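Report on the following structure.
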Amino acid sequence: MSKRMASLVFVRASVVALLIVLAATADAVAQTPVQPQPQGPPKMEFEAVIKQAVAKNPTLIRAATSITRADLLLQESRLVLFPIIGGTVVNATLDGARGFAGGITQPQNQSTFAGNVSYPVLAPARWAQIQQARDQIVVAEAATAEVRQQISVAAAQAYLAVIAARRQVDVTSRALESARAHLDYATKRFEGGAGSRLNQLRAAQIASSDEARLEAIQNALRSAQEALGVLVVAEGPVDAGADPVFDEPGTMEESAWRAARPDIITQAAIQRSAERVVRDSKLDWFPNVNASFDPAYVTPSGLFAPSGTWRFTLSSTYVFFDGGSRQLARRNRELTLEQSKIVMSEIEIQARSEVRLAQETVRSRQRALDSARRASQQAAEVVTITTTAFEVGATTNLEVIDAQREARDTDTVAAIAEDALNRAKLDLLVALGRFK
């Protein structure tokens with residue numbers, strides 16, 4: 001009896017000691033500061049990404065300075081419309097006054113205050129540069145709009161790349177979950193004596209491969225997020241929000257999308273500017289006429305020079321022979337115009353090709369996506385049927401693994417097809433000048 005009581009006392013003491021240890025452990029856990037869980041990059045929706053990329057991207061900011069530069073050139077060319085006003089002050093001191101018969105013709109110390117006002121009465125070539133400078137502003141604005149579209153397209157493509165990588169992560173994660181579930185089932189069968197070590201190793205191999213694939217795809221997702229962050233000028237990576245919804249453009253006449261494409265608009269402005277420069281070449285043969293008014297005040301005045309004088313001058317200059325420089329300048333301008341027309345022709349040919357290809361690509365991508373989705377659904381049914389058959393012993397482990405691999409591959413193809421369709425729709429909007 002005493003031994004039994006001693007045993008009960010020992011057990012009770014052990015339980016009390018265990019409760020004390022558990023309480024101390026709980027207090028230590030409660031006092032331990034909770035480490036914040038790492039958060040993913042901030043999400044931005046599609047419209048916000050495009051807006052911020054356009055507002056903050058340094059490439060567009062640098063392109064916008066060309067408008068300011070063109071405006072400065074316009075202001076410089078307009079200076080021909082304003083007179084030039086200047087003045088001089090001269091003080092001359094001689095060793096002595098000059099004169100004769102008691103009169104002083106040149107005082108020993110004399111100051112002259114003179115002014116000059118000149119104005120180009122006739123300057124056709126310089127006047128033509130004013131409108132030419134205005135054309136350059138139009139060209140700069142069109143070029144900036146083209147750069148804006150390029151940045152918007154780059155941001156949209158980066159956004160779609162993040163979504164595509166995220167889809168691949170989802171597909172691979174589901175495949176890994178399925179592989180791990182199959183591995184757990186194969187392990188339980190092996191431990192229970194109903195399965196084999198070979199089936200367990202096969203299942204483990206698939207799970208390990210999916211883990212490695214998931215790690216690689218997650219790294220690709222991080223790279224895509226970093227690229228998106230760079231385009232929107234963020235402090236770090238940026239994640240994409242919901243899938244963008246692209247409008248389905250209807251049938252557009254060529255004249256409509258030609259008038260909407262920034263590259264055609266820019267080149268048309270360049271061509272119009274070159275045409276104007278060629279037309280203005282004839283103004284190089286016109287004379288230049290300049291008017292000048294020069295008042296002066298001398299103190300003290302001399303014997304033969306009054307204190308206040310003025311002079312008005314009207315001068316004309318004309319170059320009769322310049323060695324052919326005006327003809328060469330006109331020919332050079334004509335070559336520039338011809339080159340701009342060739343570039344316009346190339347852009348138009350490329351634009352028509354882009355429109356045709358983008359329209360056909362959208363239709364093709366849509367058919368491919370429909371087929372890929374059907375294949376994905378069918379592969380999922382095959383996995384379900386094969387797994388059920390394996391559990392009742394009606395098939396082998398190899399067929400289950402093949403079905404899982406095929407399901408993962410079809411899901412991947414479906415995700416790629418969906419991303420390809422979105423990219424094709426974006427390309428079509430860009431080709432039609434609808435995405436800016």
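How things are named: the first chain in the structure tokens is A, the next is B, and so on; residues count from 1 in each chain; ligands count from 1 in the order shown.
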Shell of 12 Å around Arg374 (chain A), only C-alpha atoms, local chain residues under 6 positions omitted, as a PDB file with N, CA and C atoms, in the first residue's frame:
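Output (out23.pdb):
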ATOM      1  N   ARG A 367      -9.570  31.237 -80.585  1.00  0.00           N
ATOM      2  CA  ARG A 367      -9.824  29.815 -80.857  1.00  0.00           C
ATOM      3  C   ARG A 367      -8.873  28.928 -80.055  1.00  0.00           C
ATOM      4  N   ALA A 368      -7.617  29.327 -79.956  1.00  0.00           N
ATOM      5  CA  ALA A 368      -6.656  28.535 -79.191  1.00  0.00           C
ATOM      6  C   ALA A 368      -7.023  28.491 -77.718  1.00  0.00           C
ATOM      7  N   ALA A 380      -8.456  17.475 -66.263  1.00  0.00           N
ATOM      8  CA  ALA A 380      -8.858  17.395 -64.854  1.00  0.00           C
ATOM      9  C   ALA A 380      -9.762  16.199 -64.610  1.00  0.00           C
ATOM     10  N   GLU A 381     -10.672  15.919 -65.558  1.00  0.00           N
ATOM     11  CA  GLU A 381     -11.526  14.734 -65.411  1.00  0.00           C
ATOM     12  C   GLU A 381     -10.702  13.456 -65.475  1.00  0.00           C
ATOM     13  N   ALA A 407      -2.331  17.118 -66.857  1.00  0.00           N
ATOM     14  CA  ALA A 407      -3.227  18.164 -66.357  1.00  0.00           C
ATOM     15  C   ALA A 407      -2.461  19.450 -66.094  1.00  0.00           C
ATOM     16  N   THR A 410      -1.638  21.024 -69.504  1.00  0.00           N
ATOM     17  CA  THR A 410      -2.795  21.652 -70.158  1.00  0.00           C
ATOM     18  C   THR A 410      -3.209  22.928 -69.439  1.00  0.00           C
ATOM     19  N   ASP A 411      -3.111  22.929 -68.104  1.00  0.00           N
ATOM     20  CA  ASP A 411      -3.394  24.167 -67.372  1.00  0.00           C
ATOM     21  C   ASP A 411      -2.391  25.259 -67.750  1.00  0.00           C
ATOM     22  N   VAL A 413      -0.786  25.491 -70.607  1.00  0.00           N
ATOM     23  CA  VAL A 413      -1.119  25.934 -71.968  1.00  0.00           C
ATOM     24  C   VAL A 413      -2.318  26.878 -71.948  1.00  0.00           C
ATOM     25  N   ALA A 414      -3.318  26.580 -71.112  1.00  0.00           N
ATOM     26  CA  ALA A 414      -4.490  27.443 -71.027  1.00  0.00           C
ATOM     27  C   ALA A 414      -4.120  28.817 -70.486  1.00  0.00           C
TER      28      ALA A 414
END
Item to check | Nearest to Asn109 (chain A), chosen from A:Thr187, A:Ser353, A:Ser316, A:Leu94, with only C-alpha atoms counted in the distances | outcome: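 Distance minimum relative to Asn109 (chain A) lands on A:Leu94.
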Next on the checklist: Could you go through region 232-365 of chain A and tell me which residues DSSP, when run on the backbone, assigns to strand (DSSP E or B), listing them as a list in words?
Outcome noted: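 Of region 232-365 of chain A, only Asp239, Ala240, Asn288, Val289, Asn290, Ala291, Ser292, Phe293, Asp294, Pro295, Ala296, Tyr297, Val298, Thr299, Gly308, Thr309, Trp310, Arg311, Phe312, Thr313, Leu314, Ser315, Ser316 and Thr317 of chain A fall in strand (DSSP E or B).
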Go ahead and save the picked residues with C-alpha atoms, as a PDB file, in the first residue's frame.
ATOM      1  CA  ASP A 239       2.117  43.754 -58.352  1.00  0.00           C
ATOM      2  CA  ALA A 240      -0.709  43.791 -60.877  1.00  0.00           C
ATOM      3  CA  ASN A 288      16.941  92.268 -97.526  1.00  0.00           C
ATOM      4  CA  VAL A 289      16.037  95.858 -96.620  1.00  0.00           C
ATOM      5  CA  ASN A 290      16.976  97.363 -93.285  1.00  0.00           C
ATOM      6  CA  ALA A 291      16.073 100.752 -91.773  1.00  0.00           C
ATOM      7  CA  SER A 292      18.226 102.441 -89.158  1.00  0.00           C
ATOM      8  CA  PHE A 293      17.795 105.603 -87.079  1.00  0.00           C
ATOM      9  CA  ASP A 294      20.856 106.956 -85.260  1.00  0.00           C
ATOM     10  CA  PRO A 295      20.445 109.984 -82.958  1.00  0.00           C
ATOM     11  CA  ALA A 296      23.528 111.498 -81.204  1.00  0.00           C
ATOM     12  CA  TYR A 297      24.269 114.167 -78.614  1.00  0.00           C
ATOM     13  CA  VAL A 298      27.730 115.724 -78.145  1.00  0.00           C
ATOM     14  CA  THR A 299      28.791 117.839 -75.196  1.00  0.00           C
ATOM     15  CA  GLY A 308      22.288 117.157 -81.293  1.00  0.00           C
ATOM     16  CA  THR A 309      22.241 115.247 -84.586  1.00  0.00           C
ATOM     17  CA  TRP A 310      20.415 112.301 -86.092  1.00  0.00           C
ATOM     18  CA  ARG A 311      20.635 110.132 -89.166  1.00  0.00           C
ATOM     19  CA  PHE A 312      18.114 107.862 -90.874  1.00  0.00           C
ATOM     20  CA  THR A 313      19.447 105.131 -93.159  1.00  0.00           C
ATOM     21  CA  LEU A 314      17.609 102.778 -95.487  1.00  0.00           C
ATOM     22  CA  SER A 315      19.859 100.042 -96.862  1.00  0.00           C
ATOM     23  CA  SER A 316      19.236  97.107 -99.147  1.00  0.00           C
ATOM     24  CA  THR A 317      21.470  94.102 -99.717  1.00  0.00           C
TER      25      THR A 317
END
Checklist entry - When distances are computed from only C-alpha atoms, which of A:Pro42, A:Thr65, A:Leu303, A:Val139 shows the smallest separation from Gly236 (chain A)? => result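 When distances to Gly236 (chain A) are compared using only C-alpha atoms, the smallest one comes from A:Pro42.
Minimum distance to Leu231 (chain A) across A:Phe100, A:Ala156, A:Ala125, A:Val392 (counting only C-alpha atoms) occurs at A:Ala156.
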